[in-house]
Each structure stands twice: as structure tokens, then as C-alpha cells.
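**Student:** This is the structure I want to talk about, given as C-alpha cells.
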Amino acid sequence: MIISQNTLKWVMRLYPPLFFQRIWVQKFEGDFTSCSVKLSKSFLNKNYNGSIFGGTIYAATDPFYALLFDQLMQRRGFKVRVWLKSASIQYLKPGRGNLYFTIRVTEVMIAEAEEALKTVGKFVKAYPMEITNKEGELCATVMNEVYIRNLHQGEMPRVAY
């Protein structure tokens, strides 16, 4: 489904798995080529050591490449199914305050995905993310492997991906 940037921002802000972990979408930009997210530290996501729980950081990075690619490919006329195939995270420094990240999908990334969807029917590639604190210090790095499948005519859409 193609939706507006503002609608998706609010849907994601109020989506319970993100909302209760204090994961806040700040904005979607450039016709879904960029997304900025803030992880607010609170008693709901604080671990024993007083930093943001690692699972919260990991969960925050889960949906965004898939969401961006889904909206971008649909706007280019593809009927696709997109999800995060795998992810890995490296915790480098405790998140003792709020954390932030921005991801960008470039025209080169889009062209690469389009070409694979047209020729092979699917696209799989890992992309990096960097999570920083307010001071700009790197707290975690993540690799998200995105899977995009071109749905052929006649396939029935499923409720769950």
C-alpha cells in the first residue's frame, strides 16, 4: 500500500512494539529515501546497568530499510514483498542517553534493486547503520540484510509477511 510520509511516520510512532520501547520516528524525507529515528532512554527500556537495553536498539533498526524499499519500489510500479532477512549488531558503547540514527537509500541502491527485480525477480543485500548518542559518538553498528521479491501477476497477497 502506498501511503504518505506523514501517515507512515505516525503509524510507526504509535505502533506498540516501537512506542513502548520509546522508538520515535522523527521524519521520513525525500519521497522515502531517508528516515531519522530517535531512541529515548526511559524506565521502559533501561537495563540493569542504566543504559538502553540492547534489544531495544536492535528492534529500532529492524523495520526501516524494508519500509523505505517497499514504498520506493511501489512508487516505481513494482508489486513487491519486502522484509528484513537477517541482521547483526555490534554494541560499541553503552547508550546512557538518547540514541539516534538516520538511514538513506541512494539512487544507486534503488537502481541496483530495480535491475535485480526486473532480471532475477528478487534482490538481497546488506546495508549498514550507525547508532550514535547526542554527542555524535558511535554506540552501535548494524548490518541489515534486506530481501525484496517481485511478486508475479496472479499471486495472492498474504496478510503476514
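Going through the C-alpha cells in order, the chains are called A, B, and so on, while each chain numbers its residues from 1 and the ligands are numbered from 1 in the order shown.
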Based on DSSP run over this structure's backbone, return all residues of chain A in alpha helix (DSSP H), as number ranges by chain.

**Tutor:** A: 5-14, 16-19, 54-61, 64-75, 107-119

**Student:** Enumerate the residues of chain A with a DSSP assignment of strand (DSSP E), computed from the backbone, and present them as a PyMOL selection string.

**Tutor:** chain A and resi 23-29+34-39+80-91+99-104+122-133+138-150

**Student:** Could you dump the residues just selected with C-alpha atoms as a CSV table (one decimal), in the first residue's frame?

**Tutor:**
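Ended up saving to result15.csv:
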```csv
chain,number,residue,atom,x,y,z
A,23,ILE,CA,11.5,4.3,19.5
A,24,TRP,CA,10.3,7.5,17.8
A,25,VAL,CA,10.3,8.1,14.1
A,26,GLN,CA,11.4,11.8,13.6
A,27,LYS,CA,10.8,12.0,9.9
A,28,PHE,CA,10.7,10.4,6.5
A,29,GLU,CA,12.2,12.5,3.8
A,34,SER,CA,15.6,8.8,4.2
A,35,CYS,CA,14.4,8.2,7.7
A,36,SER,CA,15.5,9.6,11.0
A,37,VAL,CA,14.8,7.8,14.3
A,38,LYS,CA,15.3,8.6,18.0
A,39,LEU,CA,15.5,6.1,20.8
A,80,VAL,CA,6.8,-6.4,-4.1
A,81,ARG,CA,7.2,-8.2,-0.8
A,82,VAL,CA,10.0,-6.7,1.4
A,83,TRP,CA,11.4,-7.8,4.7
A,84,LEU,CA,14.5,-7.9,6.8
A,85,LYS,CA,16.1,-11.2,6.0
A,86,SER,CA,18.9,-11.0,8.7
A,87,ALA,CA,20.7,-8.5,10.9
A,88,SER,CA,23.8,-8.3,13.0
A,89,ILE,CA,24.7,-5.8,15.6
A,90,GLN,CA,27.9,-4.6,17.3
A,91,TYR,CA,27.5,-2.8,20.6
A,99,LEU,CA,20.3,7.4,20.7
A,100,TYR,CA,19.8,8.4,17.1
A,101,PHE,CA,20.2,7.1,13.6
A,102,THR,CA,19.4,8.2,10.0
A,103,ILE,CA,19.3,5.8,7.1
A,104,ARG,CA,19.4,6.9,3.4
A,122,LYS,CA,14.5,-10.8,-6.2
A,123,PHE,CA,17.1,-8.6,-4.5
A,124,VAL,CA,19.1,-9.4,-1.4
A,125,LYS,CA,21.7,-7.0,0.0
A,126,ALA,CA,23.0,-5.9,3.4
A,127,TYR,CA,23.2,-2.3,4.4
A,128,PRO,CA,25.0,-0.7,7.3
A,129,MET,CA,23.5,1.6,10.0
A,130,GLU,CA,25.2,3.6,12.7
A,131,ILE,CA,23.6,4.4,16.0
A,132,THR,CA,25.0,7.5,17.8
A,133,ASN,CA,24.4,9.3,21.0
A,138,LEU,CA,29.2,5.8,17.8
A,139,CYS,CA,27.4,3.4,20.2
A,140,ALA,CA,26.4,0.6,17.8
A,141,THR,CA,26.7,-0.6,14.2
A,142,VAL,CA,24.2,-2.7,12.5
A,143,MET,CA,24.1,-4.7,9.2
A,144,ASN,CA,20.5,-5.2,7.9
A,145,GLU,CA,20.1,-7.6,5.0
A,146,VAL,CA,17.0,-6.6,3.0
A,147,TYR,CA,15.1,-9.1,0.9
A,148,ILE,CA,12.8,-7.8,-1.9
A,149,ARG,CA,10.8,-10.1,-4.0
A,150,ASN,CA,9.0,-9.1,-7.2
```

**Student:** Counting only C-alpha atoms, what are the residues of stretch 59-149 of chain A within 12 Å of stretch 12-15 of chain A, and for each of them which pair of atoms is the nearest and at what distance in Å, to one decimal? Sort the table by chain and rising number, as a tab-separated table.

**Tutor:**
```
residue	atom	partner	partner_atom	distance
A:Ala60	CA	A:Met12	CA	10.8
A:Pro63	CA	A:Met12	CA	9.5
A:Phe64	CA	A:Met12	CA	9.8
A:Leu67	CA	A:Met12	CA	10.3
```

**Student:** Selected residues, N, CA and C atoms, written as a compact mmCIF listing (two decimals), in the first residue's frame, please.

**Tutor:**
```txt
# COMPACT_ATOMS: atom_id res chain seq x y z
N ALA A 60 14.88 -1.26 17.12
CA ALA A 60 14.73 0.04 16.45
C ALA A 60 15.21 -0.01 15.02
N PRO A 63 12.70 -2.34 11.14
CA PRO A 63 11.74 -2.16 10.04
C PRO A 63 12.12 -1.16 8.96
N PHE A 64 13.10 -0.32 9.17
CA PHE A 64 13.19 0.89 8.35
C PHE A 64 13.72 0.71 6.93
N LEU A 67 10.78 -0.81 5.07
CA LEU A 67 9.73 0.17 4.81
C LEU A 67 10.10 1.12 3.67
```

**Student:** Counting only C-alpha atoms, figure out which residue out of A:Lys9, A:Met73, A:Met1, A:Asp62 gets nearest to A:Glu112.

**Tutor:**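 Ranking A:Lys9, A:Met73, A:Met1, A:Asp62 by distance to A:Glu112, first place goes to A:Met73.
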
**Student:** I'd like to know which of A:Tyr48, A:Arg76, A:Phe69, A:Glu137 is closest to A:Leu92, using only C-alpha atoms.

**Tutor:** A:Glu137

**Student:** Identify, on the basis of only C-alpha atoms, every residue whose closest approach to A:Ile3 does not exceed 12 Å; exclude the query and any residue fewer than 4 positions from it along the same chain; express the result as a PDB file with all heavy atoms, in the first residue's frame.

**Tutor:**
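Output (selection_10.pdb):
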```
ATOM      1  N   THR A   7       1.672  10.023   7.264  1.00  0.00           N
ATOM      2  CA  THR A   7       0.848   8.918   7.773  1.00  0.00           C
ATOM      3  C   THR A   7       1.726   7.790   8.288  1.00  0.00           C
ATOM      4  O   THR A   7       1.514   7.281   9.397  1.00  0.00           O
ATOM      5  CB  THR A   7      -0.098   8.392   6.675  1.00  0.00           C
ATOM      6  OG1 THR A   7      -0.959   9.459   6.255  1.00  0.00           O
ATOM      7  CG2 THR A   7      -0.931   7.226   7.188  1.00  0.00           C
ATOM      8  N   LEU A   8       2.737   7.391   7.511  1.00  0.00           N
ATOM      9  CA  LEU A   8       3.619   6.307   7.945  1.00  0.00           C
ATOM     10  C   LEU A   8       4.391   6.696   9.199  1.00  0.00           C
ATOM     11  O   LEU A   8       4.576   5.879  10.097  1.00  0.00           O
ATOM     12  CB  LEU A   8       4.574   5.887   6.825  1.00  0.00           C
ATOM     13  CG  LEU A   8       5.453   4.687   7.147  1.00  0.00           C
ATOM     14  CD1 LEU A   8       4.619   3.460   7.509  1.00  0.00           C
ATOM     15  CD2 LEU A   8       6.364   4.366   5.971  1.00  0.00           C
ATOM     16  N   LYS A   9       4.811   7.948   9.279  1.00  0.00           N
ATOM     17  CA  LYS A   9       5.524   8.418  10.472  1.00  0.00           C
ATOM     18  C   LYS A   9       4.658   8.215  11.714  1.00  0.00           C
ATOM     19  O   LYS A   9       5.117   7.663  12.713  1.00  0.00           O
ATOM     20  CB  LYS A   9       5.897   9.891  10.321  1.00  0.00           C
ATOM     21  CG  LYS A   9       6.511  10.496  11.569  1.00  0.00           C
ATOM     22  CD  LYS A   9       6.821  11.964  11.404  1.00  0.00           C
ATOM     23  CE  LYS A   9       5.562  12.777  11.438  1.00  0.00           C
ATOM     24  NZ  LYS A   9       5.817  14.224  11.417  1.00  0.00           N
ATOM     25  N   TRP A  10       3.385   8.604  11.648  1.00  0.00           N
ATOM     26  CA  TRP A  10       2.507   8.482  12.812  1.00  0.00           C
ATOM     27  C   TRP A  10       2.119   7.043  13.094  1.00  0.00           C
ATOM     28  O   TRP A  10       1.982   6.645  14.255  1.00  0.00           O
ATOM     29  CB  TRP A  10       1.297   9.397  12.677  1.00  0.00           C
ATOM     30  CG  TRP A  10       1.692  10.793  13.050  1.00  0.00           C
ATOM     31  CD1 TRP A  10       1.983  11.822  12.195  1.00  0.00           C
ATOM     32  CD2 TRP A  10       1.934  11.275  14.365  1.00  0.00           C
ATOM     33  NE1 TRP A  10       2.375  12.923  12.912  1.00  0.00           N
ATOM     34  CE2 TRP A  10       2.363  12.624  14.246  1.00  0.00           C
ATOM     35  CE3 TRP A  10       1.836  10.723  15.633  1.00  0.00           C
ATOM     36  CZ2 TRP A  10       2.672  13.405  15.353  1.00  0.00           C
ATOM     37  CZ3 TRP A  10       2.148  11.501  16.733  1.00  0.00           C
ATOM     38  CH2 TRP A  10       2.556  12.827  16.582  1.00  0.00           C
ATOM     39  N   VAL A  11       1.938   6.260  12.060  1.00  0.00           N
ATOM     40  CA  VAL A  11       1.656   4.828  12.263  1.00  0.00           C
ATOM     41  C   VAL A  11       2.818   4.179  13.001  1.00  0.00           C
ATOM     42  O   VAL A  11       2.623   3.418  13.959  1.00  0.00           O
ATOM     43  CB  VAL A  11       1.386   4.120  10.917  1.00  0.00           C
ATOM     44  CG1 VAL A  11       1.430   2.611  11.068  1.00  0.00           C
ATOM     45  CG2 VAL A  11       0.050   4.556  10.343  1.00  0.00           C
ATOM     46  N   PHE A  28      10.347  10.986   7.788  1.00  0.00           N
ATOM     47  CA  PHE A  28      10.682  10.359   6.514  1.00  0.00           C
ATOM     48  C   PHE A  28      10.892  11.516   5.544  1.00  0.00           C
ATOM     49  O   PHE A  28      10.109  12.467   5.539  1.00  0.00           O
ATOM     50  CB  PHE A  28       9.536   9.471   6.002  1.00  0.00           C
ATOM     51  CG  PHE A  28       9.364   8.188   6.770  1.00  0.00           C
ATOM     52  CD1 PHE A  28       8.365   8.050   7.709  1.00  0.00           C
ATOM     53  CD2 PHE A  28      10.205   7.112   6.536  1.00  0.00           C
ATOM     54  CE1 PHE A  28       8.192   6.875   8.412  1.00  0.00           C
ATOM     55  CE2 PHE A  28      10.050   5.918   7.238  1.00  0.00           C
ATOM     56  CZ  PHE A  28       9.038   5.814   8.171  1.00  0.00           C
ATOM     57  N   ASP A  31      10.722  11.662  -0.452  1.00  0.00           N
ATOM     58  CA  ASP A  31       9.942  10.575  -1.052  1.00  0.00           C
ATOM     59  C   ASP A  31      10.448   9.217  -0.607  1.00  0.00           C
ATOM     60  O   ASP A  31      10.684   8.321  -1.407  1.00  0.00           O
ATOM     61  CB  ASP A  31       9.924  10.679  -2.574  1.00  0.00           C
ATOM     62  CG  ASP A  31       9.114  11.866  -3.056  1.00  0.00           C
ATOM     63  OD1 ASP A  31       8.196  12.290  -2.331  1.00  0.00           O
ATOM     64  OD2 ASP A  31       9.402  12.365  -4.150  1.00  0.00           O
ATOM     65  N   PHE A  32      10.667   9.083   0.668  1.00  0.00           N
ATOM     66  CA  PHE A  32      11.068   7.823   1.321  1.00  0.00           C
ATOM     67  C   PHE A  32      12.504   7.393   1.003  1.00  0.00           C
ATOM     68  O   PHE A  32      12.816   6.218   1.043  1.00  0.00           O
ATOM     69  CB  PHE A  32      10.091   6.690   0.996  1.00  0.00           C
ATOM     70  CG  PHE A  32       8.747   6.893   1.622  1.00  0.00           C
ATOM     71  CD1 PHE A  32       7.692   7.377   0.880  1.00  0.00           C
ATOM     72  CD2 PHE A  32       8.546   6.619   2.959  1.00  0.00           C
ATOM     73  CE1 PHE A  32       6.449   7.584   1.464  1.00  0.00           C
ATOM     74  CE2 PHE A  32       7.316   6.822   3.556  1.00  0.00           C
ATOM     75  CZ  PHE A  32       6.258   7.307   2.802  1.00  0.00           C
ATOM     76  N   LEU A  67      10.779  -0.810   5.067  1.00  0.00           N
ATOM     77  CA  LEU A  67       9.729   0.174   4.806  1.00  0.00           C
ATOM     78  C   LEU A  67      10.099   1.116   3.672  1.00  0.00           C
ATOM     79  O   LEU A  67       9.284   1.398   2.788  1.00  0.00           O
ATOM     80  CB  LEU A  67       9.446   0.995   6.068  1.00  0.00           C
ATOM     81  CG  LEU A  67       8.649   0.329   7.160  1.00  0.00           C
ATOM     82  CD1 LEU A  67       8.642   1.195   8.409  1.00  0.00           C
ATOM     83  CD2 LEU A  67       7.232   0.072   6.693  1.00  0.00           C
ATOM     84  N   LEU A  68      11.323   1.617   3.704  1.00  0.00           N
ATOM     85  CA  LEU A  68      11.760   2.547   2.665  1.00  0.00           C
ATOM     86  C   LEU A  68      11.759   1.879   1.293  1.00  0.00           C
ATOM     87  O   LEU A  68      11.212   2.421   0.326  1.00  0.00           O
ATOM     88  CB  LEU A  68      13.145   3.117   2.989  1.00  0.00           C
ATOM     89  CG  LEU A  68      13.226   4.042   4.202  1.00  0.00           C
ATOM     90  CD1 LEU A  68      14.667   4.456   4.452  1.00  0.00           C
ATOM     91  CD2 LEU A  68      12.336   5.259   4.042  1.00  0.00           C
ATOM     92  N   ASP A  70      10.112  -0.759   0.344  1.00  0.00           N
ATOM     93  CA  ASP A  70       8.744  -1.091  -0.044  1.00  0.00           C
ATOM     94  C   ASP A  70       8.060   0.109  -0.683  1.00  0.00           C
ATOM     95  O   ASP A  70       7.488   0.007  -1.774  1.00  0.00           O
ATOM     96  CB  ASP A  70       7.958  -1.572   1.174  1.00  0.00           C
ATOM     97  CG  ASP A  70       6.534  -1.946   0.821  1.00  0.00           C
ATOM     98  OD1 ASP A  70       6.351  -2.911   0.043  1.00  0.00           O
ATOM     99  OD2 ASP A  70       5.604  -1.275   1.297  1.00  0.00           O
ATOM    100  N   GLN A  71       8.125   1.249  -0.032  1.00  0.00           N
ATOM    101  CA  GLN A  71       7.478   2.447  -0.572  1.00  0.00           C
ATOM    102  C   GLN A  71       8.142   2.916  -1.873  1.00  0.00           C
ATOM    103  O   GLN A  71       7.456   3.299  -2.823  1.00  0.00           O
ATOM    104  CB  GLN A  71       7.491   3.575   0.465  1.00  0.00           C
ATOM    105  CG  GLN A  71       6.563   3.339   1.633  1.00  0.00           C
ATOM    106  CD  GLN A  71       5.114   3.230   1.207  1.00  0.00           C
ATOM    107  OE1 GLN A  71       4.585   4.082   0.499  1.00  0.00           O
ATOM    108  NE2 GLN A  71       4.456   2.162   1.643  1.00  0.00           N
ATOM    109  N   LEU A  72       9.456   2.845  -1.931  1.00  0.00           N
ATOM    110  CA  LEU A  72      10.169   3.264  -3.146  1.00  0.00           C
ATOM    111  C   LEU A  72       9.838   2.373  -4.341  1.00  0.00           C
ATOM    112  O   LEU A  72       9.585   2.868  -5.443  1.00  0.00           O
ATOM    113  CB  LEU A  72      11.680   3.265  -2.890  1.00  0.00           C
ATOM    114  CG  LEU A  72      12.188   4.378  -1.977  1.00  0.00           C
ATOM    115  CD1 LEU A  72      13.601   4.074  -1.498  1.00  0.00           C
ATOM    116  CD2 LEU A  72      12.126   5.724  -2.685  1.00  0.00           C
ATOM    117  N   GLN A  74       7.188   0.384  -4.765  1.00  0.00           N
ATOM    118  CA  GLN A  74       5.781   0.532  -5.143  1.00  0.00           C
ATOM    119  C   GLN A  74       5.567   1.795  -5.979  1.00  0.00           C
ATOM    120  O   GLN A  74       4.805   1.774  -6.949  1.00  0.00           O
ATOM    121  CB  GLN A  74       4.886   0.575  -3.909  1.00  0.00           C
ATOM    122  CG  GLN A  74       4.708  -0.777  -3.252  1.00  0.00           C
ATOM    123  CD  GLN A  74       3.663  -0.709  -2.163  1.00  0.00           C
ATOM    124  OE1 GLN A  74       2.500  -0.439  -2.445  1.00  0.00           O
ATOM    125  NE2 GLN A  74       4.094  -0.931  -0.934  1.00  0.00           N
ATOM    126  N   ARG A  75       6.227   2.866  -5.612  1.00  0.00           N
ATOM    127  CA  ARG A  75       6.103   4.112  -6.357  1.00  0.00           C
ATOM    128  C   ARG A  75       6.710   4.003  -7.757  1.00  0.00           C
ATOM    129  O   ARG A  75       6.435   4.832  -8.611  1.00  0.00           O
ATOM    130  CB  ARG A  75       6.747   5.248  -5.580  1.00  0.00           C
ATOM    131  CG  ARG A  75       5.881   5.726  -4.433  1.00  0.00           C
ATOM    132  CD  ARG A  75       6.591   6.728  -3.541  1.00  0.00           C
ATOM    133  NE  ARG A  75       5.674   7.424  -2.656  1.00  0.00           N
ATOM    134  CZ  ARG A  75       5.053   6.892  -1.630  1.00  0.00           C
ATOM    135  NH1 ARG A  75       5.241   5.637  -1.328  1.00  0.00           N
ATOM    136  NH2 ARG A  75       4.221   7.601  -0.879  1.00  0.00           N
TER     137      ARG A  75
END
```

**Student:** Write out as a list in words the residues lying within 12 Å of A:Asn47, counting only C-alpha atoms and excluding same-chain residues fewer than 6 positions away.

**Tutor:**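 So, after excluding close chain neighbours, the residues are Gln21, Lys41, Phe53, Gly54, Gly55, Thr56, Ile57, Pro94, Gly95 and Arg96 of chain A.
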
**Student:** How many Å lie between atom CA of A:Asn98 and atom CA of A:Arg22, rounded to one decimal?

**Tutor:**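 Separation between atom CA of A:Asn98 and atom CA of A:Arg22: 9.8 Å.
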